[in-house]
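Here's query.txt, which has compact mmCIF, C-alpha atoms:
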```txt
# COMPACT_ATOMS: atom_id res chain seq x y z
CA MET W 1 109.92 39.75 92.84
CA LYS W 2 110.30 42.65 90.44
CA ALA W 3 113.54 41.22 89.13
CA MET W 4 111.86 37.85 88.57
CA GLY W 5 108.91 39.37 86.77
CA LEU W 6 111.13 41.54 84.61
CA ALA W 7 113.28 38.53 83.77
CA PHE W 8 110.26 36.46 82.70
CA ALA W 9 109.01 39.35 80.58
CA THR W 10 112.46 39.63 79.03
CA ILE W 11 112.38 35.94 78.14
CA ILE W 12 109.15 36.48 76.20
CA VAL W 13 110.50 39.59 74.45
CA ILE W 14 113.74 37.84 73.44
CA ALA W 15 111.84 34.78 72.23
CA LEU W 16 109.48 36.88 70.11
CA GLY W 17 112.40 38.89 68.76
CA ALA W 18 114.25 35.71 67.89
CA ALA W 19 111.18 34.41 66.06
CA VAL W 20 110.91 37.59 63.98
CA VAL W 21 114.61 37.70 63.16
CA LEU W 22 114.96 34.00 62.33
CA ASN W 23 111.91 34.02 60.07
CA SER W 24 113.16 37.08 58.19
CA VAL W 25 116.72 35.88 57.66
CA GLY W 26 115.62 33.37 55.05
CA GLU W 27 117.75 30.51 56.28
CA SER W 28 115.03 27.96 56.94
CA SER W 29 115.50 24.51 55.43
CA ALA W 30 112.63 25.07 53.03
CA GLU W 31 114.14 28.31 51.74
CA ARG W 32 117.67 26.92 51.42
CA TYR W 33 116.80 23.73 49.62
CA ALA W 34 113.86 24.76 47.41
CA SER W 35 114.32 25.50 43.73
CA ALA W 36 112.28 25.75 40.52
CA ALA W 37 112.08 21.97 40.45
CA VAL W 38 111.84 21.40 44.23
CA ARG W 39 108.84 22.54 46.26
CA LEU W 40 109.27 22.21 50.02
CA ASN W 41 106.50 24.44 51.39
CA MET N 1 109.84 -50.20 -2.45
CA SER N 2 110.94 -47.08 -4.27
CA ARG N 3 107.31 -45.98 -4.54
CA ILE N 4 106.92 -46.22 -0.73
CA ARG N 5 110.06 -44.17 -0.22
CA GLU N 6 108.78 -41.50 -2.60
CA ARG N 7 105.55 -41.22 -0.66
CA TRP N 8 107.40 -40.69 2.65
CA ARG N 9 109.90 -38.12 1.29
CA PRO N 10 107.92 -35.05 2.52
CA ALA N 11 107.66 -36.53 5.97
CA ARG N 12 111.38 -37.27 6.06
CA LEU N 13 112.18 -33.72 4.90
CA THR N 14 109.90 -32.24 7.53
CA CYS N 15 111.46 -34.28 10.27
CA ALA N 16 114.92 -33.30 9.16
CA LEU N 17 113.93 -29.64 9.13
CA LEU N 18 112.45 -29.90 12.60
CA ALA N 19 115.59 -31.59 13.86
CA VAL N 20 117.76 -28.79 12.51
CA CYS N 21 115.55 -26.15 14.12
CA PHE N 22 115.64 -27.99 17.41
CA ALA N 23 119.38 -28.19 17.24
CA PHE N 24 119.69 -24.43 16.66
CA ALA N 25 117.29 -23.69 19.55
CA LEU N 26 119.22 -25.96 21.81
CA ALA N 27 122.46 -24.32 20.85
CA ALA N 28 121.06 -20.87 21.65
CA ALA N 29 119.57 -21.92 25.01
CA VAL N 30 122.64 -23.57 26.44
CA PRO N 31 124.46 -20.33 27.45
CA LEU N 32 121.34 -19.01 29.22
CA LEU N 33 120.89 -22.24 31.06
CA GLN N 34 124.55 -22.34 31.99
CA ARG N 35 124.51 -18.69 33.39
CA SER N 36 121.38 -19.13 35.46
CA ALA N 37 122.63 -22.38 36.79
CA SER N 38 126.06 -21.00 37.67
CA ALA N 39 124.59 -17.84 39.16
CA GLN N 40 122.33 -19.82 41.39
CA THR N 41 125.12 -22.15 42.21
CA GLU N 42 127.47 -19.29 43.28
CA GLY N 43 124.75 -17.32 45.06
CA ARG N 44 124.91 -14.28 42.78
CA VAL N 45 121.75 -12.40 41.91
CA PRO N 46 121.15 -12.37 38.17
CA GLY N 47 120.96 -8.87 36.78
CA ASN N 48 123.68 -7.18 34.79
CA ALA N 49 121.22 -4.34 34.28
CA SER N 50 123.86 -1.62 34.38
CA GLY N 51 126.98 -3.47 33.40
CA ASN N 52 128.01 -4.58 36.89
CA VAL N 53 128.68 -8.15 37.79
CA SER N 54 125.39 -8.19 39.74
CA ASP N 55 122.89 -5.61 40.97
CA ALA N 56 123.57 -6.64 44.56
CA GLU N 57 126.89 -4.81 44.25
CA ILE N 58 125.06 -1.55 43.56
CA TRP N 59 123.00 -1.82 46.72
CA ARG N 60 126.04 -2.84 48.75
CA GLN N 61 127.72 0.40 47.71
CA VAL N 62 124.56 2.36 48.47
CA ARG N 63 124.46 0.86 51.97
CA GLN N 64 128.09 1.85 52.44
CA GLY N 65 127.21 5.46 51.71
CA VAL N 66 128.37 5.96 48.14
CA ALA N 67 127.13 9.26 46.74
CA GLY N 68 125.32 9.38 43.43
CA SER N 69 124.65 12.40 41.25
CA ILE N 70 121.70 14.71 41.84
CA THR N 71 120.46 18.03 40.54
CA ILE N 72 118.47 19.38 43.52
CA PRO N 73 119.97 21.99 45.87
CA ASP N 74 120.15 19.59 48.83
CA THR N 75 123.38 17.78 47.94
CA LYS N 76 123.09 15.49 50.97
CA ALA N 77 120.35 13.63 49.11
CA ALA N 78 123.04 12.14 46.85
CA VAL N 79 123.71 9.66 49.66
CA LEU N 80 120.72 7.32 49.73
CA ALA N 81 121.63 5.40 52.90
CA GLN N 82 123.85 6.63 55.77
CA SER N 83 124.41 3.46 57.76
CA GLU N 84 126.09 5.21 60.75
CA GLY N 85 122.68 6.74 61.41
CA ASP N 86 121.47 3.34 62.58
CA ASN N 87 123.97 3.50 65.44
CA TRP N 88 122.97 7.06 66.28
CA ARG N 89 119.29 6.17 66.34
CA SER N 90 119.84 3.15 68.59
CA TRP N 91 121.89 5.27 71.01
CA ARG N 92 119.42 8.15 70.99
CA ASN N 93 116.39 5.94 71.58
CA GLY N 94 118.28 3.51 73.82
CA PRO N 95 121.03 4.38 76.30
CA ILE N 96 120.69 8.17 76.11
CA ALA N 97 116.96 8.08 76.77
CA VAL N 98 117.03 5.28 79.33
CA VAL N 99 120.11 6.36 81.32
CA GLY N 100 118.93 9.97 81.32
CA ALA N 101 115.58 9.02 82.77
CA VAL N 102 117.18 6.74 85.37
CA ALA N 103 119.66 9.44 86.42
CA PHE N 104 116.89 12.01 86.81
CA TRP N 105 114.80 9.74 89.02
CA VAL N 106 117.84 8.62 91.05
CA MET N 107 118.62 12.27 91.85
CA PHE N 108 114.96 12.84 92.72
CA PHE N 109 115.10 9.82 95.07
CA VAL N 110 118.33 11.05 96.70
CA VAL N 111 116.80 14.47 97.34
CA LEU N 112 113.63 12.92 98.72
CA SER N 113 115.67 10.67 101.01
CA PHE N 114 117.72 13.63 102.23
CA HIS N 115 114.54 15.54 103.01
CA ASN N 116 112.94 12.65 104.89
CA ILE N 117 116.02 11.39 106.76
CA ARG N 118 118.11 14.47 107.46
CA GLY N 119 115.44 17.11 107.05
CA PRO N 120 115.72 20.63 105.67
CA VAL N 121 118.62 22.87 106.71
CA ARG N 122 117.31 25.23 109.40
CA LEU N 123 118.67 28.33 111.11
CA SER N 124 120.69 27.28 114.15
CA HIS N 125 119.82 30.37 116.23
CA GLY N 126 116.61 31.59 114.67
CA ARG N 127 116.21 34.93 112.96
CA SER N 128 117.97 38.05 114.22
CA GLY N 129 115.68 40.43 112.39
CA ARG N 130 118.61 42.24 110.82
CA LYS N 131 118.87 41.86 107.06
CA VAL N 132 121.76 42.23 104.66
CA LEU N 133 121.64 42.56 100.89
CA ARG N 134 122.96 39.38 99.27
CA PHE N 135 121.90 39.66 95.62
CA SER N 136 121.43 42.95 93.79
CA PHE N 137 118.64 43.57 91.28
CA ILE N 138 120.83 42.76 88.27
CA GLU N 139 122.04 39.51 89.89
CA ARG N 140 118.50 38.37 90.55
CA PHE N 141 117.43 39.42 87.07
CA ALA N 142 120.28 37.44 85.51
CA HIS N 143 119.48 34.39 87.63
CA TRP N 144 115.80 34.35 86.74
CA LEU N 145 116.49 35.06 83.09
CA THR N 146 118.66 31.92 83.02
CA ALA N 147 116.49 29.81 85.32
CA GLY N 148 113.16 30.73 83.77
CA SER N 149 114.35 30.06 80.23
CA PHE N 150 116.01 26.82 81.37
CA ILE N 151 112.72 25.52 82.78
CA VAL N 152 110.96 26.22 79.47
CA LEU N 153 113.80 24.60 77.52
CA ALA N 154 113.81 21.58 79.83
CA ILE N 155 110.08 20.95 79.50
CA THR N 156 110.02 21.34 75.72
CA GLY N 157 113.26 19.39 75.35
CA VAL N 158 112.17 16.50 77.57
CA ASN N 159 108.98 16.29 75.52
CA MET N 160 111.03 15.74 72.38
CA ILE N 161 112.61 12.59 73.76
CA TYR N 162 109.97 11.19 76.10
CA GLY N 163 106.72 12.79 75.00
CA ARG N 164 105.77 10.10 72.52
CA PHE N 165 105.94 7.48 75.26
CA LEU N 166 104.40 9.43 78.15
CA ILE N 167 102.08 12.08 76.70
CA MET N 168 100.96 10.87 73.29
CA PRO N 169 99.16 7.77 74.63
CA ILE N 170 97.12 10.07 76.84
CA ILE N 171 96.22 12.98 74.55
CA GLY N 172 96.38 11.26 71.17
CA ARG N 173 98.56 11.72 68.10
CA ASP N 174 97.02 14.88 66.61
CA LEU N 175 97.08 17.01 69.75
CA PHE N 176 100.53 15.70 70.66
CA ALA N 177 101.86 16.57 67.22
CA THR N 178 100.51 20.12 67.45
CA LEU N 179 101.84 20.68 70.97
CA THR N 180 105.23 19.22 70.12
CA GLN N 181 105.53 21.37 67.01
CA PHE N 182 104.84 24.52 69.04
CA GLY N 183 107.13 23.21 71.75
CA LYS N 184 109.91 22.78 69.24
CA TYR N 185 109.55 26.40 68.04
CA ILE N 186 109.44 27.64 71.65
CA HIS N 187 112.58 25.63 72.38
CA ASN N 188 114.35 27.29 69.44
CA TYR N 189 113.40 30.87 70.37
CA VAL N 190 113.69 30.75 74.19
CA ALA N 191 117.22 29.34 73.78
CA PHE N 192 118.43 32.86 72.98
CA ALA N 193 117.14 34.13 76.32
CA PHE N 194 119.00 31.29 78.03
CA MET N 195 122.22 32.19 76.25
CA ALA N 196 121.82 35.85 77.24
CA GLY N 197 121.29 34.85 80.89
CA LEU N 198 124.30 32.55 80.75
CA VAL N 199 126.57 35.37 79.61
CA LEU N 200 125.20 37.68 82.31
CA ILE N 201 125.66 35.28 85.22
CA PHE N 202 129.16 34.41 84.03
CA PHE N 203 130.41 37.97 84.12
CA LEU N 204 128.51 38.77 87.33
CA TRP N 205 129.67 35.76 89.36
CA VAL N 206 132.83 34.25 87.86
CA ARG N 207 135.12 36.09 90.27
CA ASP N 208 133.18 34.83 93.32
CA ASN N 209 133.16 31.24 92.01
CA LEU N 210 136.91 30.67 91.91
CA TRP N 211 138.62 28.38 94.43
CA ASP N 212 139.33 30.06 97.76
CA ARG N 213 140.79 29.08 101.15
CA TYR N 214 137.44 28.12 102.63
CA ASP N 215 136.56 25.49 100.01
CA TRP N 216 138.66 22.59 101.31
CA GLY N 217 137.28 23.00 104.83
CA TRP N 218 133.76 23.12 103.43
CA ILE N 219 134.34 19.89 101.52
CA LYS N 220 135.81 18.10 104.57
CA LYS N 221 132.73 18.93 106.60
CA GLY N 222 130.34 17.89 103.85
CA GLY N 223 129.10 21.43 103.51
CA GLY N 224 127.27 21.09 106.78
CA LEU N 225 124.65 18.97 105.03
CA LEU N 226 125.53 15.72 106.80
CA PHE N 227 125.40 16.93 110.41
CA LYS N 228 123.06 19.64 111.65
CA THR N 229 125.65 21.15 114.00
CA GLU N 230 128.31 21.67 111.34
CA HIS N 231 128.52 25.15 109.76
CA PRO N 232 131.74 25.45 107.78
CA PRO N 233 132.59 29.04 106.85
CA ALA N 234 132.35 30.17 103.24
CA ALA N 235 132.69 33.30 101.17
CA LYS N 236 129.87 34.58 98.97
CA PHE N 237 129.53 31.14 97.36
CA ASN N 238 130.45 27.82 98.97
CA PHE N 239 132.04 24.91 97.11
CA GLY N 240 128.67 23.31 96.39
CA GLN N 241 127.40 26.50 94.78
CA LYS N 242 130.63 26.87 92.83
CA THR N 243 130.21 23.34 91.50
CA MET N 244 126.69 24.20 90.41
CA PHE N 245 127.86 27.46 88.82
CA TRP N 246 130.54 25.81 86.71
CA ALA N 247 128.25 22.92 85.77
CA VAL N 248 125.74 25.45 84.46
CA ILE N 249 128.37 27.54 82.68
CA ILE N 250 130.18 24.61 81.05
CA GLY N 251 127.04 22.56 80.41
CA GLY N 252 125.17 25.62 79.21
CA THR N 253 127.98 26.56 76.83
CA ILE N 254 128.03 23.06 75.36
CA LEU N 255 124.25 23.14 75.02
CA SER N 256 124.39 26.56 73.39
CA LEU N 257 127.03 25.60 70.84
CA THR N 258 125.43 22.28 69.94
CA GLY N 259 122.01 23.88 69.94
CA LEU N 260 123.07 26.61 67.52
CA ASN N 261 124.41 23.93 65.19
CA LEU N 262 121.12 22.08 65.43
CA LEU N 263 119.30 25.36 64.68
CA PHE N 264 121.50 25.99 61.63
CA PRO N 265 122.37 22.42 60.59
CA PHE N 266 125.04 21.31 58.14
CA VAL N 267 126.76 24.71 58.04
CA PHE N 268 129.96 23.37 59.62
CA PHE N 269 129.30 19.65 60.02
CA ASP N 270 128.23 16.69 57.87
CA MET N 271 125.48 14.18 58.59
CA GLN N 272 127.38 11.94 61.00
CA GLN N 273 128.88 14.89 62.85
CA MET N 274 125.42 16.38 63.24
CA GLN N 275 124.31 13.09 64.80
CA TRP N 276 127.16 13.38 67.30
CA ILE N 277 126.08 16.95 68.05
CA GLN N 278 122.53 15.85 68.70
CA ALA N 279 123.71 13.03 70.98
CA ILE N 280 125.91 15.45 72.95
CA HIS N 281 123.08 17.97 73.22
CA GLY N 282 120.70 15.33 74.54
CA THR N 283 123.19 13.85 77.00
CA VAL N 284 124.46 17.12 78.48
CA SER N 285 120.93 18.48 78.82
CA GLN N 286 119.95 15.45 80.89
CA VAL N 287 122.99 15.90 83.16
CA VAL N 288 122.15 19.55 83.77
CA CYS N 289 118.48 18.72 84.40
CA MET N 290 119.60 16.15 86.97
CA LEU N 291 121.71 18.76 88.78
CA MET N 292 118.88 21.27 88.69
CA VAL N 293 116.74 18.88 90.74
CA ALA N 294 119.19 19.29 93.63
CA HIS N 295 119.56 23.04 93.05
CA ILE N 296 115.81 23.68 92.99
CA TYR N 297 115.33 21.54 96.09
CA ILE N 298 117.96 23.30 98.20
CA GLY N 299 116.78 26.68 96.97
CA THR N 300 113.17 26.10 97.93
CA VAL N 301 112.18 23.57 100.58
CA GLY N 302 115.66 22.19 101.33
CA MET N 303 116.96 25.19 103.26
CA GLU N 304 115.02 27.43 105.62
CA GLU N 305 114.45 30.87 104.10
CA ALA N 306 116.43 29.98 100.99
CA PHE N 307 114.10 31.16 98.29
CA THR N 308 113.67 34.76 99.36
CA SER N 309 117.35 35.62 98.82
CA MET N 310 116.67 35.30 95.10
CA SER N 311 113.21 36.84 95.27
CA THR N 312 113.90 39.87 97.51
CA GLY N 313 117.73 39.85 97.54
CA TYR N 314 117.98 40.10 101.37
CA VAL N 315 119.04 37.49 103.93
CA ASP N 316 118.88 37.37 107.71
CA GLU N 317 122.22 37.96 109.45
CA ASN N 318 121.95 34.70 111.40
CA TRP N 319 121.54 32.81 108.16
CA ALA N 320 124.65 34.51 106.80
CA LYS N 321 126.57 33.59 109.99
CA ASP N 322 125.52 29.95 109.61
CA HIS N 323 126.30 29.49 105.92
CA HIS N 324 128.51 32.33 104.60
CA LYS N 325 130.38 33.68 107.60
CA ALA N 326 133.39 34.95 105.67
CA TRP N 327 131.14 36.81 103.27
CA LEU N 328 129.21 38.41 106.17
CA GLU N 329 132.46 39.59 107.71
CA GLU N 330 133.36 41.32 104.44
CA ILE N 331 129.94 42.94 104.32
CA GLU N 332 130.19 44.12 107.91
CA ALA N 333 133.56 45.64 107.16
CA GLU N 334 131.95 47.65 104.37
CA ARG N 335 128.80 48.43 106.37
CA ALA N 336 130.40 51.29 108.13
CA LYS N 337 131.15 53.02 104.85
CA ASP N 338 128.12 51.89 102.82
CA ALA N 339 124.92 51.49 104.85
CA ARG N 340 123.21 48.62 103.10
CA THR N 341 121.67 47.01 106.15
CA VAL N 342 117.89 46.88 106.11
CA PRO N 343 116.04 47.31 109.44
CA ALA N 344 114.12 44.41 110.96
CA GLY N 345 110.71 43.76 109.44
CA VAL N 346 111.69 44.00 105.80
CA PRO N 347 110.72 40.75 104.04
CA GLY N 348 113.69 38.73 102.94
CA ALA N 349 115.49 35.54 103.59
CA PRO N 350 118.61 33.56 103.21
CA ALA N 351 119.76 31.99 100.03
CA GLU N 352 121.25 28.80 98.71
```
Spell out the structure here as C-alpha cells.
Amino acid sequence: MKAMGLAFATIIVIALGAAVVLNSVGESSAERYASAAVRLN
Amino acid sequence: MSRIRERWRPARLTCALLAVCFAFALAAAVPLLQRSASAQTEGRVPGNASGNVSDAEIWRQVRQGVAGSITIPDTKAAVLAQSEGDNWRSWRNGPIAVVGAVAFWVMFFVVLSFHNIRGPVRLSHGRSGRKVLRFSFIERFAHWLTAGSFIVLAITGVNMIYGRFLIMPIIGRDLFATLTQFGKYIHNYVAFAFMAGLVLIFFLWVRDNLWDRYDWGWIKKGGGLLFKTEHPPAAKFNFGQKTMFWAVIIGGTILSLTGLNLLFPFVFFDMQQMQWIQAIHGTVSQVVCMLMVAHIYIGTVGMEEAFTSMSTGYVDENWAKDHHKAWLEEIEAERAKDARTVPAGVPGAPAE
C-alpha cells in the first residue's frame, strides 16, 4: 500500500508542478494572441 | 381664333415642358428597371457593393474558407468560416460520443455476464501459505502512478463529452461550468503524471510482454477463463496481460501525443488537422476506457486474491502454480540463491 500511496502523492506533486511550469512559460492562448489592440484577459 | 390660341399658349408650353421632363425621367429609369428585372429573373442578388458581380459570391468564397486580411496576432481569424468543422462537430457529437458510450456499456455487460454465469476465477487448491514476491516496489509504484492518473483523466475527460447531457441537468449550468473548468485544468496537469507512469511501465515490463512459447497454448485454452479446470501455463505475463500492456502503451502514446498537441494547439497543425487530432484523442480514449473495465474487473473481484499482488507485491504459491507456472519455476530456480520467499502469514495475494 505504500507504493500506491506514494504514487498518488506523486501524481499530485507532478500535477502541481505542471501547473506552475505551464503558467510561467507564457504560452497560454491569451498571452500568445493578445496585443495592444487585442485584449483577451 | 387666334385670340383663343394666344390665351392657351402658356398651358401648351407647360405641357410641352412636362412632357420633356417625363421623357428624360423615363430614359434614366429604364436601365434601373431593366437590371432589377434581369437580376430577379436570373436569380442573382442585387448588390455590386464591392465591384463583384453579386455579393452572394463574396459569401460563397467565405464559406469555402477564403482568407481575408487581418491585423491581430491570431492569423487564423482571417478565415471567417471553416466548413470542414461542421463535419468534425457532427462526428464528435454523433458517432464518437454514441459509439463510445455503447462500447463502454457493452464491455460492462460482458463483464457482468461473465461474473454471473462463469463466476470469479478461484484458486484450484486453496492457499498454500507460502508467498513469493511478484511485483517489486518500483513496479507497483509505476502501475499506480499510471492507473491513478488514468482514472482522474478518464473522469475529467468523460465529463467533457457527456457531462452536459448527464450532469448539467442535475446540478445546473453554473455549478457544472465551474466543475468542468476545474476538471479541464486537472485533466491538463495530471496528464504529465500519466505520461511519466507510461514511460516507467514500458521500460519495466516491455521485456516480459514480448511473445513467448506459452502464448499460443494460452490462447487455445482461452486463458483458462472459459473452463474452471483449465490452467494453461504462462510466464510472468500471460497473453491477455500482454494484450492489455500493449493496448495501454500504444493507446497511451497516441493519447499523449494528441493531448500535447491539444495542450499547445496550432504549433504543428492547422485548424482541420487539429480537429482530426481531437477526434483521435476522443476515440482512442474511449477504447482504452473500455479495456480498463475488463482490467479493473479481473484485478479486483474477477480473480480470487488478485488485487493484493499490486497492493502488497506478494502472491500465494498455489496462485502462481495455477496462473503463471513457468514464471514460478523461474523464481524457484532463483530461490536457492536469492531468498525472496516470505513465510506463511504475511498478507499478500495473487495478481492479474
Legend entry - Radius query 12 Å about (112.4, 23.8, 55.2), atoms used: only C-alpha atoms, as a PyMOL selection string: (chain W and resi 23+26-35+38-41) or (chain N and resi 74+263-265)
Legend entry - Distance-based interface of chain N with chain W, 7 Å, counting all atoms listed in the file, as a list in words: Ile72, Pro73, Asp74, Phe137, Arg140, Phe141, Trp144, Leu145, Gly148, Ser149, Tyr189, Val190, Phe192, Ala193, Ser311 and Thr312 of chain N
Inset, instruction - Anything within 12 Å of (110.3, 11.3, 76.6): list those residues as a PyMOL selection string, counting all atoms listed in the file and sticking to the file's coordinates. - result: chain N and resi 92-94+96-101+154-169+180+282+286
Can I get the selection written as a CSV table (one decimal), keeping the file's coordinate frame, with C-alpha atoms?
```csv
chain,number,residue,atom,x,y,z
N,92,ARG,CA,119.4,8.2,71.0
N,93,ASN,CA,116.4,5.9,71.6
N,94,GLY,CA,118.3,3.5,73.8
N,96,ILE,CA,120.7,8.2,76.1
N,97,ALA,CA,117.0,8.1,76.8
N,98,VAL,CA,117.0,5.3,79.3
N,99,VAL,CA,120.1,6.4,81.3
N,100,GLY,CA,118.9,10.0,81.3
N,101,ALA,CA,115.6,9.0,82.8
N,154,ALA,CA,113.8,21.6,79.8
N,155,ILE,CA,110.1,21.0,79.5
N,156,THR,CA,110.0,21.3,75.7
N,157,GLY,CA,113.3,19.4,75.4
N,158,VAL,CA,112.2,16.5,77.6
N,159,ASN,CA,109.0,16.3,75.5
N,160,MET,CA,111.0,15.7,72.4
N,161,ILE,CA,112.6,12.6,73.8
N,162,TYR,CA,110.0,11.2,76.1
N,163,GLY,CA,106.7,12.8,75.0
N,164,ARG,CA,105.8,10.1,72.5
N,165,PHE,CA,105.9,7.5,75.3
N,166,LEU,CA,104.4,9.4,78.2
N,167,ILE,CA,102.1,12.1,76.7
N,168,MET,CA,101.0,10.9,73.3
N,169,PRO,CA,99.2,7.8,74.6
N,180,THR,CA,105.2,19.2,70.1
N,282,GLY,CA,120.7,15.3,74.5
N,286,GLN,CA,120.0,15.4,80.9
```
Inset, instruction - For CA of Val199 (chain N) and CA of Ile250 (chain N), determine how far apart the two atoms are, in Å to one decimal place. - result: 11.4 Å
Inset, instruction - State, in Å with one decimal place, the distance from CA of Ile58 (chain N) to CA of Ser83 (chain N). - result: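 Distance reported for this atom pair: 15.1 Å.
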Do a neighbour search on Thr300 (chain N) at 12 Å with all atoms listed in the file, toss out local chain neighbours closer than 4 positions, and write the hits as an mmCIF file with C-alpha atoms, in the frame of the given file.
```
data_model
loop_
_atom_site.group_PDB
_atom_site.id
_atom_site.type_symbol
_atom_site.label_atom_id
_atom_site.label_comp_id
_atom_site.auth_asym_id
_atom_site.auth_seq_id
_atom_site.Cartn_x
_atom_site.Cartn_y
_atom_site.Cartn_z
ATOM 1 C CA HIS N 115 114.540 15.540 103.010
ATOM 2 C CA PRO N 120 115.720 20.630 105.670
ATOM 3 C CA VAL N 121 118.620 22.870 106.710
ATOM 4 C CA MET N 292 118.880 21.270 88.690
ATOM 5 C CA VAL N 293 116.740 18.880 90.740
ATOM 6 C CA ALA N 294 119.190 19.290 93.630
ATOM 7 C CA HIS N 295 119.560 23.040 93.050
ATOM 8 C CA ILE N 296 115.810 23.680 92.990
ATOM 9 C CA GLU N 304 115.020 27.430 105.620
ATOM 10 C CA GLU N 305 114.450 30.870 104.100
ATOM 11 C CA ALA N 306 116.430 29.980 100.990
ATOM 12 C CA PHE N 307 114.100 31.160 98.290
ATOM 13 C CA THR N 308 113.670 34.760 99.360
ATOM 14 C CA SER N 309 117.350 35.620 98.820
ATOM 15 C CA MET N 310 116.670 35.300 95.100
ATOM 16 C CA SER N 311 113.210 36.840 95.270
ATOM 17 C CA ALA N 349 115.490 35.540 103.590
ATOM 18 C CA PRO N 350 118.610 33.560 103.210
ATOM 19 C CA ALA N 351 119.760 31.990 100.030
ATOM 20 C CA GLU N 352 121.250 28.800 98.710
#
```
Contacts of Trp59 (chain N) at 12 Å or less, counting all atoms listed in the file, minus same-chain residues fewer than 3 places along, as a PDB file with C-alpha atoms, in the coordinates of the input?
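Output file part_16.pdb follows:
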```pdb
ATOM      1  CA  VAL N  45     121.750 -12.400  41.910  1.00  0.00           C
ATOM      2  CA  ASN N  52     128.010  -4.580  36.890  1.00  0.00           C
ATOM      3  CA  SER N  54     125.390  -8.190  39.740  1.00  0.00           C
ATOM      4  CA  ASP N  55     122.890  -5.610  40.970  1.00  0.00           C
ATOM      5  CA  ALA N  56     123.570  -6.640  44.560  1.00  0.00           C
ATOM      6  CA  VAL N  62     124.560   2.360  48.470  1.00  0.00           C
ATOM      7  CA  ARG N  63     124.460   0.860  51.970  1.00  0.00           C
ATOM      8  CA  GLN N  64     128.090   1.850  52.440  1.00  0.00           C
ATOM      9  CA  GLY N  65     127.210   5.460  51.710  1.00  0.00           C
ATOM     10  CA  VAL N  66     128.370   5.960  48.140  1.00  0.00           C
ATOM     11  CA  ALA N  67     127.130   9.260  46.740  1.00  0.00           C
ATOM     12  CA  GLY N  68     125.320   9.380  43.430  1.00  0.00           C
ATOM     13  CA  VAL N  79     123.710   9.660  49.660  1.00  0.00           C
ATOM     14  CA  LEU N  80     120.720   7.320  49.730  1.00  0.00           C
ATOM     15  CA  ALA N  81     121.630   5.400  52.900  1.00  0.00           C
TER      16      ALA N  81
END
```
Inset, instruction - Work out how far CA of Ala279 (chain N) is from CA of Lys76 (chain N), in Å to one decimal. - result: 20.2 Å
Inset, instruction - Measuring atom to atom with all atoms listed in the file, identify which of N:Leu133, N:Val287, N:Leu328, N:Ile171 is nearest to Val106 (chain N). - result: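 Answer, going by the shortest atom-to-atom distance: N:Val287.
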Might I get the box with edges along x, y and z of the file that holds all atoms of region 4-17 of chain W listed there, padded by 6 Å on every side, given as centre and edge lengths in Å to one decimal, as lines of an AutoDock Vina configuration file?
```
center_x = 111.3
center_y = 38.2
center_z = 78.7
size_x = 16.8
size_y = 18.8
size_z = 31.8
```
Can you complete the atoms of region 2-14 of chain W to N, CA and C atoms and list them as a PDB file, keeping the file's coordinate frame?
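The result, stored in part_9.pdb:
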```pdb
ATOM      1  N   LYS W   2     110.280  41.839  91.664  1.00  0.00           N
ATOM      2  CA  LYS W   2     110.300  42.650  90.440  1.00  0.00           C
ATOM      3  C   LYS W   2     111.346  42.130  89.473  1.00  0.00           C
ATOM      4  N   ALA W   3     112.490  41.741  90.004  1.00  0.00           N
ATOM      5  CA  ALA W   3     113.540  41.220  89.130  1.00  0.00           C
ATOM      6  C   ALA W   3     113.076  39.949  88.433  1.00  0.00           C
ATOM      7  N   MET W   4     112.355  39.084  89.161  1.00  0.00           N
ATOM      8  CA  MET W   4     111.860  37.850  88.570  1.00  0.00           C
ATOM      9  C   MET W   4     110.857  38.148  87.474  1.00  0.00           C
ATOM     10  N   GLY W   5     109.928  39.027  87.766  1.00  0.00           N
ATOM     11  CA  GLY W   5     108.910  39.370  86.770  1.00  0.00           C
ATOM     12  C   GLY W   5     109.521  39.999  85.541  1.00  0.00           C
ATOM     13  N   LEU W   6     110.490  40.910  85.753  1.00  0.00           N
ATOM     14  CA  LEU W   6     111.130  41.540  84.610  1.00  0.00           C
ATOM     15  C   LEU W   6     111.909  40.517  83.788  1.00  0.00           C
ATOM     16  N   ALA W   7     112.531  39.566  84.475  1.00  0.00           N
ATOM     17  CA  ALA W   7     113.280  38.530  83.770  1.00  0.00           C
ATOM     18  C   ALA W   7     112.351  37.668  82.911  1.00  0.00           C
ATOM     19  N   PHE W   8     111.205  37.281  83.463  1.00  0.00           N
ATOM     20  CA  PHE W   8     110.260  36.460  82.700  1.00  0.00           C
ATOM     21  C   PHE W   8     109.728  37.233  81.495  1.00  0.00           C
ATOM     22  N   ALA W   9     109.463  38.530  81.701  1.00  0.00           N
ATOM     23  CA  ALA W   9     109.010  39.350  80.580  1.00  0.00           C
ATOM     24  C   ALA W   9     110.102  39.458  79.518  1.00  0.00           C
ATOM     25  N   THR W  10     111.337  39.550  79.967  1.00  0.00           N
ATOM     26  CA  THR W  10     112.460  39.630  79.030  1.00  0.00           C
ATOM     27  C   THR W  10     112.586  38.360  78.221  1.00  0.00           C
ATOM     28  N   ILE W  11     112.330  37.221  78.861  1.00  0.00           N
ATOM     29  CA  ILE W  11     112.380  35.940  78.140  1.00  0.00           C
ATOM     30  C   ILE W  11     111.393  35.977  76.980  1.00  0.00           C
ATOM     31  N   ILE W  12     110.184  36.448  77.248  1.00  0.00           N
ATOM     32  CA  ILE W  12     109.150  36.480  76.200  1.00  0.00           C
ATOM     33  C   ILE W  12     109.567  37.447  75.094  1.00  0.00           C
ATOM     34  N   VAL W  13     110.092  38.598  75.461  1.00  0.00           N
ATOM     35  CA  VAL W  13     110.500  39.590  74.450  1.00  0.00           C
ATOM     36  C   VAL W  13     111.622  39.028  73.576  1.00  0.00           C
ATOM     37  N   ILE W  14     112.620  38.417  74.213  1.00  0.00           N
ATOM     38  CA  ILE W  14     113.740  37.840  73.440  1.00  0.00           C
ATOM     39  C   ILE W  14     113.254  36.727  72.530  1.00  0.00           C
TER      40      ILE W  14
END
```
